[in-house]
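So this block is model-v9.cif, mmCIF, C-alpha atoms:
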```cif
data_run
loop_
_atom_site.group_PDB
_atom_site.id
_atom_site.type_symbol
_atom_site.label_atom_id
_atom_site.label_comp_id
_atom_site.auth_asym_id
_atom_site.auth_seq_id
_atom_site.Cartn_x
_atom_site.Cartn_y
_atom_site.Cartn_z
ATOM 1 C CA MET G 194 -71.123 -88.644 142.292
ATOM 2 C CA SER G 195 -68.598 -89.065 139.492
ATOM 3 C CA PHE G 196 -66.902 -86.351 137.455
ATOM 4 C CA ILE G 197 -69.046 -86.837 134.336
ATOM 5 C CA GLU G 198 -72.239 -87.363 136.316
ATOM 6 C CA SER G 199 -71.700 -84.130 138.218
ATOM 7 C CA ILE G 200 -71.136 -82.110 135.035
ATOM 8 C CA ARG G 201 -74.255 -83.648 133.492
ATOM 9 C CA THR G 202 -76.274 -82.844 136.610
ATOM 10 C CA VAL G 203 -75.151 -79.221 136.784
ATOM 11 C CA LEU G 204 -75.683 -78.597 133.076
ATOM 12 C CA SER G 205 -79.076 -80.335 133.103
ATOM 13 C CA LYS G 206 -80.069 -78.007 135.953
ATOM 14 C CA TYR G 207 -78.673 -75.058 133.961
ATOM 15 C CA ALA G 208 -80.791 -72.388 135.668
ATOM 16 C CA THR G 209 -82.302 -74.334 138.571
ATOM 17 C CA PHE G 210 -81.716 -72.368 141.744
ATOM 18 C CA SER G 211 -83.939 -74.523 143.940
ATOM 19 C CA GLY G 212 -82.965 -77.755 145.625
ATOM 20 C CA ARG G 213 -79.633 -78.906 146.947
ATOM 21 C CA ALA G 214 -76.239 -79.864 145.499
ATOM 22 C CA ARG G 215 -73.816 -82.327 147.053
ATOM 23 C CA ARG G 216 -70.185 -81.429 147.664
ATOM 24 C CA SER G 217 -69.033 -83.826 144.959
ATOM 25 C CA GLU G 218 -71.361 -82.226 142.392
ATOM 26 C CA PHE G 219 -70.067 -78.768 143.295
ATOM 27 C CA TRP G 220 -66.336 -79.571 143.321
ATOM 28 C CA TRP G 221 -66.289 -81.827 140.239
ATOM 29 C CA TYR G 222 -68.119 -79.124 138.302
ATOM 30 C CA TYR G 223 -65.664 -76.475 139.508
ATOM 31 C CA LEU G 224 -62.759 -78.674 138.435
ATOM 32 C CA ALA G 225 -64.310 -79.113 134.989
ATOM 33 C CA VAL G 226 -64.813 -75.366 134.565
ATOM 34 C CA ALA G 227 -61.230 -74.694 135.680
ATOM 35 C CA ILE G 228 -59.894 -77.243 133.183
ATOM 36 C CA VAL G 229 -61.977 -75.871 130.299
ATOM 37 C CA GLU G 230 -61.084 -72.247 131.048
ATOM 38 C CA GLY G 231 -57.402 -73.107 131.578
ATOM 39 C CA VAL G 232 -57.079 -75.066 128.348
ATOM 40 C CA LEU G 233 -58.825 -72.322 126.380
ATOM 41 C CA TYR G 234 -56.636 -69.662 127.971
ATOM 42 C CA PHE G 235 -53.372 -71.453 127.249
ATOM 43 C CA ALA G 236 -54.440 -72.501 123.755
ATOM 44 C CA LEU G 237 -56.021 -69.257 122.571
ATOM 45 C CA ILE G 238 -54.686 -66.364 124.625
ATOM 46 C CA VAL G 239 -51.102 -67.162 125.614
ATOM 47 C CA PRO G 240 -49.730 -67.454 122.045
ATOM 48 C CA GLY G 241 -51.302 -64.166 120.962
ATOM 49 C CA LEU G 242 -50.283 -62.452 124.181
ATOM 50 C CA THR G 243 -46.706 -63.634 123.720
ATOM 51 C CA ALA G 244 -46.614 -62.297 120.163
ATOM 52 C CA TYR G 245 -48.119 -58.971 121.223
ATOM 53 C CA THR G 246 -45.709 -58.590 124.146
ATOM 54 C CA THR G 247 -42.738 -59.353 121.909
ATOM 55 C CA ALA G 248 -43.873 -56.815 119.290
ATOM 56 C CA THR G 249 -44.465 -54.174 121.962
ATOM 57 C CA MET G 250 -41.045 -54.743 123.522
ATOM 58 C CA GLU G 251 -39.365 -54.482 120.124
ATOM 59 C CA TYR G 252 -41.256 -51.236 119.480
ATOM 60 C CA ALA G 253 -40.193 -49.816 122.857
ATOM 61 C CA MET G 254 -36.558 -50.813 122.395
ATOM 62 C CA ALA G 255 -36.345 -49.414 118.857
ATOM 63 C CA GLY G 256 -36.737 -45.878 120.181
ATOM 64 C CA ASP G 257 -38.146 -44.659 116.864
ATOM 65 C CA PRO G 258 -41.087 -42.321 117.604
ATOM 66 C CA ALA G 259 -42.185 -42.511 113.952
ATOM 67 C CA ALA G 260 -42.657 -46.290 114.092
ATOM 68 C CA PRO G 261 -46.265 -47.429 114.333
ATOM 69 C CA ILE G 262 -47.439 -48.829 117.653
ATOM 70 C CA PRO G 263 -48.017 -52.572 117.258
ATOM 71 C CA ALA G 264 -51.655 -53.586 116.982
ATOM 72 C CA MET G 265 -53.108 -56.384 119.062
ATOM 73 C CA PRO G 266 -53.056 -59.582 116.979
ATOM 74 C CA GLY G 267 -56.396 -60.837 115.758
ATOM 75 C CA SER G 268 -55.709 -64.217 117.365
ATOM 76 C CA LEU G 269 -55.469 -62.560 120.786
ATOM 77 C CA THR G 270 -58.740 -60.710 120.268
ATOM 78 C CA ALA G 271 -60.446 -63.884 119.076
ATOM 79 C CA GLY G 272 -59.003 -65.809 122.027
ATOM 80 C CA TYR G 273 -60.354 -63.277 124.521
ATOM 81 C CA LEU G 274 -63.722 -63.401 122.783
ATOM 82 C CA VAL G 275 -63.946 -67.213 122.894
ATOM 83 C CA VAL G 276 -62.848 -67.440 126.543
ATOM 84 C CA SER G 277 -65.304 -64.678 127.488
ATOM 85 C CA LEU G 278 -68.192 -66.347 125.656
ATOM 86 C CA VAL G 279 -67.492 -69.709 127.308
ATOM 87 C CA GLY G 280 -67.303 -67.996 130.701
ATOM 88 C CA LEU G 281 -70.566 -66.214 130.012
ATOM 89 C CA ALA G 282 -72.239 -69.465 128.927
ATOM 90 C CA LEU G 283 -71.100 -71.162 132.148
ATOM 91 C CA LEU G 284 -72.030 -68.253 134.425
ATOM 92 C CA LEU G 285 -75.655 -69.247 134.998
ATOM 93 C CA PRO G 286 -75.032 -72.934 135.814
ATOM 94 C CA THR G 287 -72.137 -71.896 138.062
ATOM 95 C CA LEU G 288 -74.353 -69.488 140.001
ATOM 96 C CA ALA G 289 -77.073 -72.129 140.184
ATOM 97 C CA VAL G 290 -74.752 -74.789 141.623
ATOM 98 C CA ILE G 291 -73.401 -72.268 144.152
ATOM 99 C CA VAL G 292 -76.931 -71.448 145.308
ATOM 100 C CA ARG G 293 -77.867 -75.139 145.486
ATOM 101 C CA ARG G 294 -74.677 -75.837 147.458
ATOM 102 C CA LEU G 295 -75.621 -73.057 149.890
ATOM 103 C CA HIS G 296 -79.063 -74.633 150.192
ATOM 104 C CA ASP G 297 -77.450 -77.967 151.062
ATOM 105 C CA THR G 298 -75.718 -76.289 154.013
ATOM 106 C CA ASP G 299 -79.067 -74.705 155.006
ATOM 107 C CA LYS G 300 -78.033 -71.191 153.976
ATOM 108 C CA PRO G 301 -80.085 -68.864 151.778
ATOM 109 C CA GLY G 302 -78.983 -68.480 148.172
ATOM 110 C CA ALA G 303 -78.825 -64.698 148.618
ATOM 111 C CA LEU G 304 -75.485 -65.208 150.370
ATOM 112 C CA ALA G 305 -74.059 -65.811 146.894
ATOM 113 C CA PHE G 306 -73.950 -62.013 146.548
ATOM 114 C CA LEU G 307 -71.062 -62.056 149.058
ATOM 115 C CA LEU G 308 -69.019 -63.645 146.292
ATOM 116 C CA LEU G 309 -68.865 -60.205 144.646
ATOM 117 C CA ILE G 310 -66.391 -59.105 147.342
ATOM 118 C CA PRO G 311 -62.823 -59.585 146.095
ATOM 119 C CA VAL G 312 -60.533 -61.951 148.078
ATOM 120 C CA VAL G 313 -63.400 -62.852 150.420
ATOM 121 C CA ASN G 314 -65.077 -64.717 147.554
ATOM 122 C CA PHE G 315 -62.207 -67.210 147.273
ATOM 123 C CA ILE G 316 -62.327 -67.975 150.989
ATOM 124 C CA LEU G 317 -66.122 -68.298 150.986
ATOM 125 C CA ILE G 318 -66.139 -70.695 148.026
ATOM 126 C CA ILE G 319 -63.699 -72.983 149.826
ATOM 127 C CA VAL G 320 -65.510 -72.818 153.173
ATOM 128 C CA TRP G 321 -69.032 -73.194 151.755
ATOM 129 C CA GLY G 322 -68.005 -75.793 149.230
ATOM 130 C CA ALA G 323 -66.200 -77.923 151.813
ATOM 131 C CA SER G 324 -68.886 -77.683 154.499
ATOM 132 C CA ALA G 325 -70.936 -80.806 155.033
ATOM 133 C CA GLY G 326 -74.544 -80.582 153.966
ATOM 134 C CA THR G 327 -77.398 -80.714 156.421
ATOM 135 C CA PRO G 328 -78.224 -84.376 157.054
ATOM 136 C CA GLY G 329 -81.804 -85.214 156.198
ATOM 137 C CA PRO G 330 -84.295 -82.865 154.619
ATOM 138 C CA ASN G 331 -84.096 -79.126 155.234
ATOM 139 C CA GLN G 332 -86.179 -76.152 154.102
ATOM 140 C CA PHE G 333 -84.676 -76.391 150.609
ATOM 141 C CA GLY G 334 -85.475 -80.040 149.903
ATOM 142 C CA PRO G 335 -84.502 -83.622 150.626
ATOM 143 C CA ASP G 336 -80.956 -84.686 151.371
ATOM 144 C CA PRO G 337 -79.280 -85.425 147.995
ATOM 145 C CA LYS G 338 -77.138 -88.153 149.589
ATOM 146 C CA ALA G 339 -80.258 -89.961 150.826
ATOM 147 C CA VAL G 340 -81.925 -89.572 147.420
ATOM 148 C CA ASP G 341 -78.837 -91.015 145.655
ATOM 149 C CA ALA G 342 -78.603 -93.868 148.173
ATOM 150 C CA ALA G 343 -82.297 -94.728 147.686
ATOM 151 C CA ALA G 344 -81.891 -94.663 143.897
ATOM 152 C CA ALA G 345 -78.887 -97.016 144.113
ATOM 153 C CA VAL G 346 -80.858 -99.656 146.045
#
```

As a first step, turn the structure in this file into structure tokens.
Amino acid sequence: MSFIESIRTVLSKYATFSGRARRSEFWWYYLAVAIVEGVLYFALIVPGLTAYTTATMEYAMAGDPAAPIPAMPGSLTAGYLVVSLVGLALLLPTLAVIVRRLHDTDKPGALAFLLLIPVVNFILIIVWGASAGTPGPNQFGPDPKAVDAAAAV
């Protein structure tokens, strides 16, 4: 599955928690989300954060207790808002692809709740995402590799 095809598949199954997702679908989608979030962060948050940090340091070094505390720039607030809204919009398809990936490895989707545990979640994403799917059909549906191979013929 290609990069674009995987993003299309995940977003077309926006809230579909049934079925199975191939490794390529899962990892290409994760790469796309990381790129989008990274670009937004560096474009919208870093400049405002730099300006705010500089103003705060100047305030601290001035030593004048009568000087007003610098306010957070509006660009930083707007940047946080945009990045948060994009993350919120991508939350449901991300959870859905995680559950479908778990289904491909013949695990129940409820295991996705383990991702709420800090540090462990990073390890689990790598292990579950890299694990080979169950060959052939399982309790969650047909093998997506076999379905793609049949469609290609």

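Of the listed residues (G:Lys300, G:Gly334, G:Gly267, G:Ile200), G:Ile200 comes nearest to Leu224 in chain G; the distances count all atoms listed in the file.
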
>> Please enumerate the residues selected by the PyMOL selection byres ((chain G and resi 216-219) around 6) when evaluated against the supplied file, formatted as a ChimeraX atom specification.
In response: /G:194,199,215,220-222

Those same residues - C-alpha atoms - I'd like them written as an mmCIF file, in the frame of the given file.
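selection38.cif, freshly written:
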```
data_model
loop_
_atom_site.group_PDB
_atom_site.id
_atom_site.type_symbol
_atom_site.label_atom_id
_atom_site.label_comp_id
_atom_site.auth_asym_id
_atom_site.auth_seq_id
_atom_site.Cartn_x
_atom_site.Cartn_y
_atom_site.Cartn_z
ATOM 1 C CA MET G 194 -71.123 -88.644 142.292
ATOM 2 C CA SER G 199 -71.700 -84.130 138.218
ATOM 3 C CA ARG G 215 -73.816 -82.327 147.053
ATOM 4 C CA TRP G 220 -66.336 -79.571 143.321
ATOM 5 C CA TRP G 221 -66.289 -81.827 140.239
ATOM 6 C CA TYR G 222 -68.119 -79.124 138.302
#
```

> What does the PyMOL selection byres ((chain G and resi 238-254) around 12) select in this file, as number ranges by chain?
Replying inline: G: 230-237, 255-277

> Hey, what's within 10 Å of range 294-296 of chain G if we count all atoms listed in the file and toss same-chain stuff fewer than 3 positions away? As JSON, numbers by chain, please?
Replying inline: {"G": [210, 211, 212, 213, 214, 215, 216, 218, 219, 288, 289, 290, 291, 299, 300, 301, 302, 303, 304, 305, 318, 321, 322, 323, 324, 325, 326, 327, 331, 332, 333, 334]}

> Got a sec: who's within 9 Å of Leu283 in chain G, counting all atoms listed in the file, leaving out chain neighbours fewer than 4 positions off, as a ChimeraX atom specification?
Replying inline: /G:204,207,226,278-279,287-288

Written-out range 239-252 of chain G (N, CA and C atoms) as a PDB file, in the first residue's frame:
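Written out: part-v5.pdb:
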```pdb
ATOM      1  N   VAL G 239       6.796  27.332  17.221  1.00  0.00           N
ATOM      2  CA  VAL G 239       8.192  27.685  17.517  1.00  0.00           C
ATOM      3  C   VAL G 239       8.455  29.193  17.409  1.00  0.00           C
ATOM      4  N   PRO G 240       7.992  29.888  16.371  1.00  0.00           N
ATOM      5  CA  PRO G 240       8.264  31.331  16.329  1.00  0.00           C
ATOM      6  C   PRO G 240       7.650  32.094  17.514  1.00  0.00           C
ATOM      7  N   GLY G 241       6.418  31.783  17.856  1.00  0.00           N
ATOM      8  CA  GLY G 241       5.784  32.452  18.985  1.00  0.00           C
ATOM      9  C   GLY G 241       6.434  32.089  20.308  1.00  0.00           C
ATOM     10  N   LEU G 242       6.834  30.835  20.430  1.00  0.00           N
ATOM     11  CA  LEU G 242       7.492  30.383  21.657  1.00  0.00           C
ATOM     12  C   LEU G 242       8.849  31.051  21.813  1.00  0.00           C
ATOM     13  N   THR G 243       9.548  31.230  20.716  1.00  0.00           N
ATOM     14  CA  THR G 243      10.845  31.912  20.750  1.00  0.00           C
ATOM     15  C   THR G 243      10.672  33.364  21.186  1.00  0.00           C
ATOM     16  N   ALA G 244       9.679  34.031  20.624  1.00  0.00           N
ATOM     17  CA  ALA G 244       9.421  35.429  20.990  1.00  0.00           C
ATOM     18  C   ALA G 244       9.024  35.545  22.460  1.00  0.00           C
ATOM     19  N   TYR G 245       8.194  34.642  22.922  1.00  0.00           N
ATOM     20  CA  TYR G 245       7.741  34.676  24.315  1.00  0.00           C
ATOM     21  C   TYR G 245       8.899  34.387  25.272  1.00  0.00           C
ATOM     22  N   THR G 246       9.738  33.430  24.919  1.00  0.00           N
ATOM     23  CA  THR G 246      10.887  33.101  25.770  1.00  0.00           C
ATOM     24  C   THR G 246      11.852  34.277  25.840  1.00  0.00           C
ATOM     25  N   THR G 247      12.094  34.919  24.718  1.00  0.00           N
ATOM     26  CA  THR G 247      12.983  36.074  24.682  1.00  0.00           C
ATOM     27  C   THR G 247      12.432  37.204  25.557  1.00  0.00           C
ATOM     28  N   ALA G 248      11.136  37.491  25.417  1.00  0.00           N
ATOM     29  CA  ALA G 248      10.521  38.557  26.217  1.00  0.00           C
ATOM     30  C   ALA G 248      10.564  38.223  27.704  1.00  0.00           C
ATOM     31  N   THR G 249      10.354  36.978  28.051  1.00  0.00           N
ATOM     32  CA  THR G 249      10.375  36.564  29.453  1.00  0.00           C
ATOM     33  C   THR G 249      11.776  36.670  30.029  1.00  0.00           C
ATOM     34  N   MET G 250      12.779  36.279  29.238  1.00  0.00           N
ATOM     35  CA  MET G 250      14.164  36.376  29.706  1.00  0.00           C
ATOM     36  C   MET G 250      14.568  37.836  29.903  1.00  0.00           C
ATOM     37  N   GLU G 251      14.159  38.696  28.978  1.00  0.00           N
ATOM     38  CA  GLU G 251      14.467  40.118  29.124  1.00  0.00           C
ATOM     39  C   GLU G 251      13.802  40.685  30.372  1.00  0.00           C
ATOM     40  N   TYR G 252      12.573  40.269  30.645  1.00  0.00           N
ATOM     41  CA  TYR G 252      11.857  40.714  31.836  1.00  0.00           C
ATOM     42  C   TYR G 252      12.605  40.269  33.091  1.00  0.00           C
TER      43      TYR G 252
END
```
